[in-house]
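Participant: Provided below: upload-v1.cif, containing mmCIF, C-alpha atoms.
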data_work
#
loop_
_atom_site.group_PDB
_atom_site.id
_atom_site.type_symbol
_atom_site.label_atom_id
_atom_site.label_comp_id
_atom_site.auth_asym_id
_atom_site.auth_seq_id
_atom_site.Cartn_x
_atom_site.Cartn_y
_atom_site.Cartn_z
ATOM 1 C CA MET A 19 13.254 -7.132 12.303
ATOM 2 C CA LEU A 20 10.334 -7.422 9.899
ATOM 3 C CA PHE A 21 10.935 -11.057 9.038
ATOM 4 C CA GLY A 22 12.332 -12.199 12.386
ATOM 5 C CA ILE A 23 9.927 -10.687 14.905
ATOM 6 C CA PRO A 24 7.312 -13.518 14.745
ATOM 7 C CA MET A 25 9.973 -16.031 15.820
ATOM 8 C CA LEU A 26 11.581 -13.664 18.308
ATOM 9 C CA MET A 27 8.231 -13.502 20.140
ATOM 10 C CA THR A 28 7.525 -17.254 20.080
ATOM 11 C CA MET A 29 7.853 -19.024 23.435
ATOM 12 C CA GLU A 30 8.782 -22.414 21.966
ATOM 13 C CA LEU A 31 11.843 -20.932 20.267
ATOM 14 C CA TRP A 32 12.945 -19.376 23.577
ATOM 15 C CA GLN A 33 12.721 -22.815 25.173
ATOM 16 C CA LEU A 34 14.521 -24.490 22.282
ATOM 17 C CA GLY A 35 17.510 -22.244 22.847
ATOM 18 C CA PHE A 36 17.771 -23.771 26.310
ATOM 19 C CA TYR A 37 17.303 -27.498 25.693
ATOM 20 C CA ILE A 38 18.157 -28.145 22.018
ATOM 21 C CA GLU A 39 21.100 -30.483 21.578
ATOM 22 C CA ARG A 40 24.114 -28.331 20.873
ATOM 23 C CA TRP A 41 25.437 -30.434 18.003
ATOM 24 C CA ARG A 42 22.106 -30.136 16.178
ATOM 25 C CA LEU A 43 22.100 -26.382 16.745
ATOM 26 C CA PHE A 44 25.689 -26.177 15.520
ATOM 27 C CA LEU A 45 24.751 -28.120 12.373
ATOM 28 C CA LEU A 46 21.873 -25.700 11.717
ATOM 29 C CA LEU A 47 24.232 -22.744 12.077
ATOM 30 C CA VAL A 48 26.758 -24.341 9.721
ATOM 31 C CA VAL A 49 24.092 -25.189 7.126
ATOM 32 C CA ASN A 50 22.899 -21.593 7.250
ATOM 33 C CA ILE A 51 26.288 -20.259 6.082
ATOM 34 C CA PRO A 52 26.343 -21.645 2.495
ATOM 35 C CA LEU A 53 22.619 -20.938 2.258
ATOM 36 C CA LEU A 54 23.257 -17.264 3.067
ATOM 37 C CA ILE A 55 26.158 -17.083 0.614
ATOM 38 C CA LEU A 56 24.050 -18.434 -2.245
ATOM 39 C CA LEU A 57 21.149 -16.215 -1.239
ATOM 40 C CA ALA A 58 23.450 -13.192 -1.016
ATOM 41 C CA HIS A 59 24.673 -13.856 -4.541
ATOM 42 C CA ARG A 60 21.047 -13.959 -5.684
ATOM 43 C CA ILE A 61 19.599 -11.010 -3.724
ATOM 44 C CA GLY A 62 22.444 -9.538 -1.670
ATOM 45 C CA PHE A 63 22.648 -5.986 -0.403
ATOM 46 C CA GLU A 64 24.167 -5.045 -3.750
ATOM 47 C CA ARG A 65 25.005 -6.745 -7.011
ATOM 48 C CA THR A 66 27.752 -9.302 -6.405
ATOM 49 C CA SER A 67 30.105 -10.590 -9.074
ATOM 50 C CA THR A 68 32.577 -12.625 -6.993
ATOM 51 C CA PHE A 69 32.425 -15.275 -4.300
ATOM 52 C CA GLY A 70 34.151 -12.921 -1.868
ATOM 53 C CA GLU A 71 31.469 -10.266 -2.267
ATOM 54 C CA ALA A 72 28.731 -12.832 -1.659
ATOM 55 C CA CYS A 73 30.569 -14.024 1.483
ATOM 56 C CA ARG A 74 30.813 -10.435 2.671
ATOM 57 C CA ASP A 75 27.066 -9.865 2.272
ATOM 58 C CA ALA A 76 26.322 -13.194 3.978
ATOM 59 C CA THR A 77 28.586 -12.264 6.898
ATOM 60 C CA ILE A 78 26.875 -8.889 7.276
ATOM 61 C CA ALA A 79 23.442 -10.531 7.199
ATOM 62 C CA TYR A 80 24.482 -13.104 9.811
ATOM 63 C CA GLY A 81 25.927 -10.360 12.006
ATOM 64 C CA LEU A 82 22.747 -8.312 11.728
ATOM 65 C CA GLY A 83 20.681 -11.382 12.593
ATOM 66 C CA ILE A 84 22.765 -12.009 15.715
ATOM 67 C CA LEU A 85 22.662 -8.369 16.876
ATOM 68 C CA ILE A 86 18.937 -7.933 16.266
ATOM 69 C CA SER A 87 18.115 -11.247 17.940
ATOM 70 C CA ALA A 88 20.195 -10.413 21.010
ATOM 71 C CA ALA A 89 18.759 -6.892 21.280
ATOM 72 C CA VAL A 90 15.131 -8.001 20.996
ATOM 73 C CA LEU A 91 15.526 -10.928 23.407
ATOM 74 C CA VAL A 92 17.118 -8.608 25.979
ATOM 75 C CA MET A 93 14.371 -6.037 25.441
ATOM 76 C CA LEU A 94 11.667 -8.684 25.944
ATOM 77 C CA GLY A 95 13.332 -9.886 29.145
ATOM 78 C CA ASP A 96 13.995 -13.337 27.779
ATOM 79 C CA ILE A 97 17.743 -12.901 28.302
ATOM 80 C CA LYS A 98 18.752 -11.839 31.795
ATOM 81 C CA PRO A 99 22.157 -11.396 33.475
ATOM 82 C CA HIS A 100 21.695 -14.336 35.858
ATOM 83 C CA MET A 101 21.167 -16.845 33.027
ATOM 84 C CA PRO A 102 23.945 -19.300 32.119
ATOM 85 C CA LEU A 103 26.018 -18.182 29.155
ATOM 86 C CA SER A 104 25.164 -21.354 27.229
ATOM 87 C CA GLU A 105 21.449 -20.578 27.488
ATOM 88 C CA MET A 106 21.951 -17.012 26.283
ATOM 89 C CA LEU A 107 24.048 -18.136 23.336
ATOM 90 C CA GLY A 108 21.602 -20.907 22.461
ATOM 91 C CA LYS A 109 18.636 -18.536 22.348
ATOM 92 C CA ILE A 110 20.489 -15.975 20.257
ATOM 93 C CA ALA A 111 21.933 -18.614 17.908
ATOM 94 C CA ILE A 112 18.643 -20.303 17.087
ATOM 95 C CA GLN A 113 16.954 -16.945 16.459
ATOM 96 C CA SER A 114 19.795 -15.648 14.310
ATOM 97 C CA VAL A 115 19.131 -18.183 11.545
ATOM 98 C CA PRO A 116 15.705 -16.870 10.427
ATOM 99 C CA ALA A 117 16.734 -13.295 11.254
ATOM 100 C CA SER A 118 19.785 -13.511 8.982
ATOM 101 C CA ILE A 119 17.664 -14.909 6.138
ATOM 102 C CA GLY A 120 15.231 -12.053 6.726
ATOM 103 C CA ALA A 121 18.082 -9.544 6.516
ATOM 104 C CA LEU A 122 18.776 -10.673 2.955
ATOM 105 C CA LEU A 123 15.095 -10.929 2.050
ATOM 106 C CA GLY A 124 14.687 -7.291 3.040
ATOM 107 C CA ARG A 125 16.524 -6.146 -0.068
ATOM 108 C CA SER A 126 14.243 -8.023 -2.451
ATOM 109 C CA GLN A 127 11.093 -6.888 -0.658
ATOM 110 C CA LEU A 128 11.999 -3.405 0.539
ATOM 111 C CA GLY A 129 15.114 -2.206 -1.271
ATOM 112 C CA GLY A 130 14.496 -3.296 -4.841
ATOM 113 C CA GLN A 131 17.174 -3.054 -7.503
ATOM 114 C CA SER A 132 18.983 0.007 -8.651
ATOM 115 C CA GLU A 133 18.685 1.304 -12.168
ATOM 116 C CA ASN A 134 22.271 0.252 -12.808
ATOM 117 C CA ASP A 135 21.483 -3.315 -11.785
ATOM 118 C CA ASP A 136 18.482 -3.351 -14.090
ATOM 119 C CA ARG A 137 20.547 -2.049 -16.988
ATOM 120 C CA GLU A 138 23.290 -4.587 -16.294
ATOM 121 C CA ASP A 139 20.744 -7.393 -16.166
ATOM 122 C CA ASP A 140 19.280 -6.251 -19.491
ATOM 123 C CA GLY A 141 22.759 -6.075 -20.990
ATOM 124 C CA GLU A 142 23.581 -9.585 -19.857
ATOM 125 C CA GLU A 143 20.348 -10.935 -21.279
ATOM 126 C CA ASP A 144 20.907 -9.156 -24.585
ATOM 127 C CA GLY A 145 24.470 -10.454 -24.755
ATOM 128 C CA GLN A 146 23.518 -14.088 -24.442
ATOM 129 C CA GLY A 147 23.686 -16.019 -27.657
ATOM 130 C CA GLY A 148 21.545 -18.859 -28.850
ATOM 131 C CA GLY A 149 24.049 -21.384 -27.552
ATOM 132 C CA GLY A 150 23.415 -20.310 -23.944
ATOM 133 C CA VAL A 151 19.751 -21.256 -23.829
ATOM 134 C CA ALA A 152 20.325 -24.751 -22.469
ATOM 135 C CA ASP A 153 22.662 -23.442 -19.763
ATOM 136 C CA GLU A 154 20.160 -20.751 -18.800
ATOM 137 C CA ILE A 155 17.372 -23.291 -18.444
ATOM 138 C CA SER A 156 19.566 -25.566 -16.338
ATOM 139 C CA THR A 157 20.698 -22.715 -14.104
ATOM 140 C CA SER A 158 17.152 -21.398 -13.709
ATOM 141 C CA TYR A 159 15.855 -24.820 -12.719
ATOM 142 C CA SER A 160 18.471 -25.410 -10.018
ATOM 143 C CA ARG A 161 18.095 -21.829 -8.813
ATOM 144 C CA GLU A 162 14.348 -22.174 -8.502
ATOM 145 C CA LEU A 163 14.694 -25.388 -6.510
ATOM 146 C CA PHE A 164 17.144 -23.609 -4.215
ATOM 147 C CA LEU A 165 14.792 -20.668 -3.737
ATOM 148 C CA MET A 166 11.946 -23.061 -2.966
ATOM 149 C CA ALA A 167 14.112 -24.692 -0.294
ATOM 150 C CA VAL A 168 14.837 -21.284 1.245
ATOM 151 C CA GLY A 169 11.156 -20.364 1.270
ATOM 152 C CA ALA A 170 10.165 -23.677 2.834
ATOM 153 C CA LEU A 171 12.898 -23.401 5.477
ATOM 154 C CA PHE A 172 12.005 -19.834 6.397
ATOM 155 C CA LEU A 173 8.288 -20.552 6.884
ATOM 156 C CA ASN A 174 8.926 -23.904 8.590
ATOM 157 C CA LEU A 175 11.118 -22.210 11.183
ATOM 158 C CA ASN A 176 8.074 -20.163 12.183
ATOM 159 C CA VAL A 177 5.819 -23.097 13.004
ATOM 160 C CA ALA A 178 7.986 -26.211 13.461
ATOM 161 C CA PRO A 179 8.876 -25.476 17.124
ATOM 162 C CA THR A 180 5.207 -25.152 18.163
ATOM 163 C CA GLU A 181 3.298 -27.929 19.903
ATOM 164 C CA GLU A 182 0.425 -27.517 17.466
ATOM 165 C CA ILE A 183 2.314 -29.364 14.711
ATOM 166 C CA ILE A 184 2.587 -32.498 16.845
ATOM 167 C CA LEU A 185 -1.018 -32.143 18.058
ATOM 168 C CA ILE A 186 -2.408 -31.794 14.547
ATOM 169 C CA ALA A 187 -0.359 -34.755 13.322
ATOM 170 C CA TYR A 188 -1.647 -36.863 16.225
ATOM 171 C CA LYS A 189 -5.303 -36.009 15.512
ATOM 172 C CA MET A 190 -5.112 -36.521 11.747
ATOM 173 C CA THR A 191 -6.260 -39.699 10.023
ATOM 174 C CA PRO A 192 -4.658 -41.106 6.846
ATOM 175 C CA TRP A 193 -7.475 -39.524 4.862
ATOM 176 C CA HIS A 194 -6.704 -36.136 6.359
ATOM 177 C CA ALA A 195 -3.067 -36.650 5.408
ATOM 178 C CA LEU A 196 -3.933 -37.477 1.786
ATOM 179 C CA VAL A 197 -6.152 -34.411 1.532
ATOM 180 C CA THR A 198 -3.388 -32.259 3.034
ATOM 181 C CA ILE A 199 -0.849 -33.565 0.515
ATOM 182 C CA ALA A 200 -3.224 -33.001 -2.404
ATOM 183 C CA LEU A 201 -4.121 -29.501 -1.209
ATOM 184 C CA SER A 202 -0.485 -28.576 -0.643
ATOM 185 C CA ILE A 203 0.465 -29.666 -4.166
ATOM 186 C CA ALA A 204 -2.575 -27.945 -5.678
ATOM 187 C CA ILE A 205 -1.757 -24.681 -3.896
ATOM 188 C CA MET A 206 1.852 -24.851 -5.058
ATOM 189 C CA HIS A 207 0.870 -25.464 -8.657
ATOM 190 C CA GLY A 208 -1.903 -22.884 -8.724
ATOM 191 C CA PHE A 209 0.026 -20.250 -6.800
ATOM 192 C CA VAL A 210 2.952 -20.320 -9.203
ATOM 193 C CA TYR A 211 1.489 -21.237 -12.579
ATOM 194 C CA ALA A 212 -2.252 -20.610 -12.683
ATOM 195 C CA VAL A 213 -1.927 -17.090 -11.274
ATOM 196 C CA ALA A 214 0.164 -14.707 -13.367
ATOM 197 C CA PHE A 215 2.344 -13.247 -10.623
ATOM 198 C CA LYS A 216 5.617 -11.527 -11.375
ATOM 199 C CA GLY A 217 8.530 -13.922 -11.093
ATOM 200 C CA THR A 218 6.774 -17.042 -12.297
ATOM 201 C CA HIS A 219 8.555 -19.374 -14.671
ATOM 202 C CA GLU A 220 7.736 -18.592 -18.287
ATOM 203 C CA ILE A 221 5.765 -21.396 -19.911
ATOM 204 C CA SER A 222 4.504 -21.197 -23.465
ATOM 205 C CA GLU A 223 0.889 -21.919 -24.253
ATOM 206 C CA GLU A 224 1.935 -24.966 -26.271
ATOM 207 C CA THR A 225 3.554 -26.589 -23.237
ATOM 208 C CA PRO A 226 1.227 -29.167 -21.621
ATOM 209 C CA TRP A 227 0.230 -28.581 -17.996
ATOM 210 C CA TRP A 228 1.789 -31.820 -16.830
ATOM 211 C CA HIS A 229 5.254 -30.643 -17.934
ATOM 212 C CA ALA A 230 5.305 -27.885 -15.326
ATOM 213 C CA PHE A 231 3.603 -30.135 -12.789
ATOM 214 C CA PHE A 232 6.204 -32.899 -12.969
ATOM 215 C CA ARG A 233 9.199 -30.621 -13.572
ATOM 216 C CA PHE A 234 8.587 -28.013 -10.888
ATOM 217 C CA THR A 235 5.565 -28.600 -8.647
ATOM 218 C CA LEU A 236 6.223 -32.181 -7.557
ATOM 219 C CA PRO A 237 9.995 -31.649 -7.062
ATOM 220 C CA GLY A 238 9.144 -28.467 -5.170
ATOM 221 C CA TYR A 239 6.855 -30.383 -2.841
ATOM 222 C CA MET A 240 9.530 -33.017 -2.259
ATOM 223 C CA VAL A 241 11.971 -30.221 -1.406
ATOM 224 C CA ALA A 242 9.446 -28.830 1.093
ATOM 225 C CA MET A 243 8.976 -32.315 2.574
ATOM 226 C CA LEU A 244 12.723 -32.869 3.002
ATOM 227 C CA ILE A 245 13.156 -29.428 4.577
ATOM 228 C CA SER A 246 10.261 -30.207 6.934
ATOM 229 C CA LEU A 247 11.852 -33.481 8.025
ATOM 230 C CA TYR A 248 15.186 -31.763 8.628
ATOM 231 C CA VAL A 249 13.651 -28.950 10.683
ATOM 232 C CA LEU A 250 11.585 -31.401 12.764
ATOM 233 C CA TRP A 251 14.701 -33.496 13.384
ATOM 234 C CA THR A 252 16.734 -30.424 14.336
ATOM 235 C CA PHE A 253 14.153 -29.379 16.909
ATOM 236 C CA GLY A 254 13.905 -32.906 18.320
ATOM 237 C CA ARG A 255 10.335 -33.457 17.151
ATOM 238 C CA LEU A 256 11.157 -36.857 15.643
ATOM 239 C CA ASP A 257 12.929 -38.343 18.653
ATOM 240 C CA ASP A 258 11.363 -41.549 20.033
ATOM 241 C CA THR A 259 8.555 -41.268 17.479
ATOM 242 C CA ALA A 260 7.007 -44.001 15.355
ATOM 243 C CA PRO A 261 7.730 -43.777 11.600
ATOM 244 C CA THR A 262 4.049 -43.214 10.773
ATOM 245 C CA GLN A 263 3.878 -40.315 13.224
ATOM 246 C CA MET A 264 7.083 -38.859 11.766
ATOM 247 C CA LEU A 265 5.509 -38.953 8.328
ATOM 248 C CA MET A 266 2.301 -37.348 9.584
ATOM 249 C CA SER A 267 4.249 -34.546 11.257
ATOM 250 C CA ALA A 268 6.229 -33.944 8.072
ATOM 251 C CA ILE A 269 3.019 -33.821 6.027
ATOM 252 C CA VAL A 270 1.519 -31.262 8.414
ATOM 253 C CA LEU A 271 4.641 -29.087 8.349
ATOM 254 C CA SER A 272 4.933 -29.435 4.577
ATOM 255 C CA PHE A 273 1.640 -27.582 4.187
ATOM 256 C CA PRO A 274 3.090 -24.186 5.230
ATOM 257 C CA GLY A 275 6.430 -25.287 3.791
ATOM 258 C CA ALA A 276 4.886 -25.797 0.353
ATOM 259 C CA ILE A 277 3.281 -22.356 0.502
ATOM 260 C CA GLY A 278 6.618 -20.842 1.501
ATOM 261 C CA ALA A 279 8.363 -22.686 -1.335
ATOM 262 C CA ALA A 280 5.860 -21.428 -3.895
ATOM 263 C CA ALA A 281 5.943 -17.869 -2.563
ATOM 264 C CA ALA A 282 9.747 -17.784 -2.552
ATOM 265 C CA ARG A 283 9.876 -18.217 -6.329
ATOM 266 C CA LEU A 284 7.772 -15.081 -6.660
ATOM 267 C CA ILE A 285 9.367 -12.763 -4.109
ATOM 268 C CA LEU A 286 13.093 -13.597 -4.387
#
Now, as a test, write the supplied structure out as structure tokens.

Facilitator:
Amino acid sequence: MLFGIPMLMTMELWQLGFYIERWRLFLLLVVNIPLLILLAHRIGFERTSTFGEACRDATIAYGLGILISAAVLVMLGDIKPHMPLSEMLGKIAIQSVPASIGALLGRSQLGGQSENDDREDDGEEDGQGGGGVADEISTSYSRELFLMAVGALFLNLNVAPTEEIILIAYKMTPWHALVTIALSIAIMHGFVYAVAFKGTHEISEETPWWHAFFRFTLPGYMVAMLISLYVLWTFGRLDDTAPTQMLMSAIVLSFPGAIGAAAARLIL
């Protein structure tokens, strides 16, 4: 509810449930499944040690997203008995994606970890030998890129369906676009590395600033850009559009996407 209510009360998402091409909606629903499984393994309802447990948590989160979305849309009068079944299902389906992600995010933001989980985490860290350092770095890097993708997707789903994204992209000049890119990258880098928030990647004082910039910030922005393009394509915002306008729209959407990507590495 907490994470899904902004989208559940957005008119453009109600309309998208009616006219979005069904194969694009189906692809979004399918893509959401492995995303939820990986996210459940990272911050599921409880500590998971097997693939089956992660699938179980992902299924529960998806089910909660569907039920909450249906209940709220009925309560708001956006789903009525006389509507075609395809329209009802489309509205519920498109809303269930961010709602299901929010169901899993609720544990990291509201539930926290149990003392047993903390002790187990400490035990695992203590049990790692020197030979596992390279594997830990590799795993952490791929995990952080994944979390950035989740954060960008979640925030993009809030704003991508709105007409304002297309309007802003239309009114922007190339100079505005360059400033937006630079500001997005600067916010990402400063938000994660310059400010000492919990959850940031540990970087020694001897490590030059450009190492983190080229290893995490720039790849993170590219992840946010790719997620933005995918979301715009899913919602039909790139259809019959010139390449330059597609790029401008992606740059505009990547601004909140970059903030979501940076924030995700701190809150997940």

Participant: Compile the contact shell of region 249-259 of chain A as a list in words: residues with an atom at most 7 Å away, counting only C-alpha atoms, same-chain residues fewer than 3 positions apart removed.

Facilitator: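 Result of the neighbour search: Ile38, Arg42, Ala178, Pro179, Ile245, Ser246, Gln263 and Met264 of chain A.
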
Participant: May I have the residues at most 9 Å from (24.6, -14.5, -1.9) in the file's coordinates, counting all atoms listed in the file, as a PyMOL selection string?

Facilitator: chain A and resi 52-63+66+69+71-76+122

Participant: Between A:Ala242, A:Ala204, A:Ala282, A:Ile184, which is the closest to Leu123 (chain A) once you count only C-alpha atoms?

Facilitator: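 The shortest atom-to-atom distance to Leu123 (chain A) comes from A:Ala282.
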
Participant: Between A:Met29, A:Ala170, A:Ala281, A:Ala88, which has the minimum distance to Met106 (chain A) (counting only C-alpha atoms)?

Facilitator: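 Using only C-alpha atoms, the shortest distance to Met106 (chain A) belongs to A:Ala88.
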
Participant: Which residues would end up in the selection if the PyMOL selection byres ((chain A and resi 276) around 9) were applied here, given that I need the answer as a list of chain:residue names?

Facilitator: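 Against this file, the PyMOL selection byres ((chain A and resi 276) around 9) returns the residues A:Met166, A:Gly169, A:Ala170, A:Ser202, A:Ile203, A:Ile205, A:Met206, A:Gly238, A:Tyr239, A:Met240, A:Val241, A:Ala242, A:Met243, A:Leu271, A:Ser272, A:Phe273, A:Pro274, A:Gly275, A:Ile277, A:Gly278, A:Ala279, A:Ala280, A:Ala281.
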
Participant: Neighbouring residues of region 95-99 of chain A were defined as those with any atom within 12 Å, considering all atoms listed in the file; residues of the same chain fewer than 2 positions away were excluded. Please report them as JSON, numbers by chain.

Facilitator: {"A": [26, 27, 28, 29, 30, 31, 32, 33, 35, 36, 87, 88, 89, 90, 91, 92, 93, 101, 102, 103, 104, 105, 106, 107, 108, 109, 110]}

Participant: I need the residues from that last selection saved to file as a JSON list (two decimals), in the coordinates of the input (with C-alpha atoms), if you can.

Facilitator:
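File selection.json, as written:
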[["chain", "number", "residue", "atom", "x", "y", "z"],
["A", 26, "LEU", "CA", 11.58, -13.66, 18.31],
["A", 27, "MET", "CA", 8.23, -13.50, 20.14],
["A", 28, "THR", "CA", 7.52, -17.25, 20.08],
["A", 29, "MET", "CA", 7.85, -19.02, 23.44],
["A", 30, "GLU", "CA", 8.78, -22.41, 21.97],
["A", 31, "LEU", "CA", 11.84, -20.93, 20.27],
["A", 32, "TRP", "CA", 12.94, -19.38, 23.58],
["A", 33, "GLN", "CA", 12.72, -22.82, 25.17],
["A", 35, "GLY", "CA", 17.51, -22.24, 22.85],
["A", 36, "PHE", "CA", 17.77, -23.77, 26.31],
["A", 87, "SER", "CA", 18.11, -11.25, 17.94],
["A", 88, "ALA", "CA", 20.20, -10.41, 21.01],
["A", 89, "ALA", "CA", 18.76, -6.89, 21.28],
["A", 90, "VAL", "CA", 15.13, -8.00, 21.00],
["A", 91, "LEU", "CA", 15.53, -10.93, 23.41],
["A", 92, "VAL", "CA", 17.12, -8.61, 25.98],
["A", 93, "MET", "CA", 14.37, -6.04, 25.44],
["A", 101, "MET", "CA", 21.17, -16.84, 33.03],
["A", 102, "PRO", "CA", 23.94, -19.30, 32.12],
["A", 103, "LEU", "CA", 26.02, -18.18, 29.16],
["A", 104, "SER", "CA", 25.16, -21.35, 27.23],
["A", 105, "GLU", "CA", 21.45, -20.58, 27.49],
["A", 106, "MET", "CA", 21.95, -17.01, 26.28],
["A", 107, "LEU", "CA", 24.05, -18.14, 23.34],
["A", 108, "GLY", "CA", 21.60, -20.91, 22.46],
["A", 109, "LYS", "CA", 18.64, -18.54, 22.35],
["A", 110, "ILE", "CA", 20.49, -15.98, 20.26]]

Participant: Determine the nearest neighbour of Leu85 (chain A) from the options A:Val49, A:Leu20, A:Leu244, A:Ala117, counting only C-alpha atoms.

Facilitator: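 Closest candidate: A:Ala117.
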
Participant: Using CA of Ala79 (chain A) and CA of Gly120 (chain A) as the two end points, give the distance in Å to one decimal.

Facilitator: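 Value for the CA of Ala79 (chain A)-CA of Gly120 (chain A) distance: 8.4 Å.
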
Participant: Evaluating the PyMOL selection byres ((chain A and resi 176) around 9) on the displayed file yields which residues, as a PyMOL selection string?

Facilitator: chain A and resi 24-25+28+31+116+171-175+177-180

Participant: Do you have the CA of Ile269 (chain A)-CA of Thr235 (chain A) distance handy?

Facilitator: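 Between CA of Ile269 (chain A) and CA of Thr235 (chain A) the gap is 15.8 Å.
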
Participant: Between A:Leu163, A:Ile112, A:Leu46, A:Leu34, single out the one closest to Pro237 (chain A), counting all atoms listed in the file.

Facilitator: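 Nearest candidate to Pro237 (chain A) out of A:Leu163, A:Ile112, A:Leu46, A:Leu34: A:Leu163.
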
Participant: Show me that you can extract region 239-267 of chain A, keeping C-alpha atoms, and write it as a short mmCIF file (atom, residue, chain, number, x, y, z; two decimals), in the first residue's frame.

Facilitator:
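The file below, part-v4.cif, is the result:
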data_model
loop_
_atom_site.label_atom_id
_atom_site.label_comp_id
_atom_site.auth_asym_id
_atom_site.auth_seq_id
_atom_site.Cartn_x
_atom_site.Cartn_y
_atom_site.Cartn_z
CA TYR A 239 23.50 5.88 -14.96
CA MET A 240 23.61 3.65 -18.03
CA VAL A 241 21.45 1.13 -16.17
CA ALA A 242 18.97 3.92 -15.36
CA MET A 243 18.99 5.02 -19.01
CA LEU A 244 18.31 1.49 -20.29
CA ILE A 245 15.51 1.00 -17.76
CA SER A 246 14.03 4.35 -18.83
CA LEU A 247 14.05 3.34 -22.49
CA TYR A 248 12.40 0.01 -21.68
CA VAL A 249 9.66 1.60 -19.57
CA LEU A 250 8.96 4.26 -22.22
CA TRP A 251 8.76 1.55 -24.88
CA THR A 252 6.46 -0.58 -22.73
CA PHE A 253 4.05 2.30 -22.25
CA GLY A 254 4.12 3.18 -25.96
CA ARG A 255 5.88 6.51 -25.46
CA LEU A 256 8.43 5.78 -28.19
CA ASP A 257 6.00 4.76 -30.92
CA ASP A 258 6.15 6.88 -34.10
CA THR A 259 8.76 9.13 -32.47
CA ALA A 260 11.95 10.53 -33.97
CA PRO A 261 15.21 9.11 -32.55
CA THR A 262 16.24 12.49 -31.13
CA GLN A 263 12.93 12.81 -29.30
CA MET A 264 13.29 9.25 -27.98
CA LEU A 265 16.68 10.16 -26.58
CA MET A 266 15.35 13.36 -25.02
CA SER A 267 12.50 11.48 -23.36
#
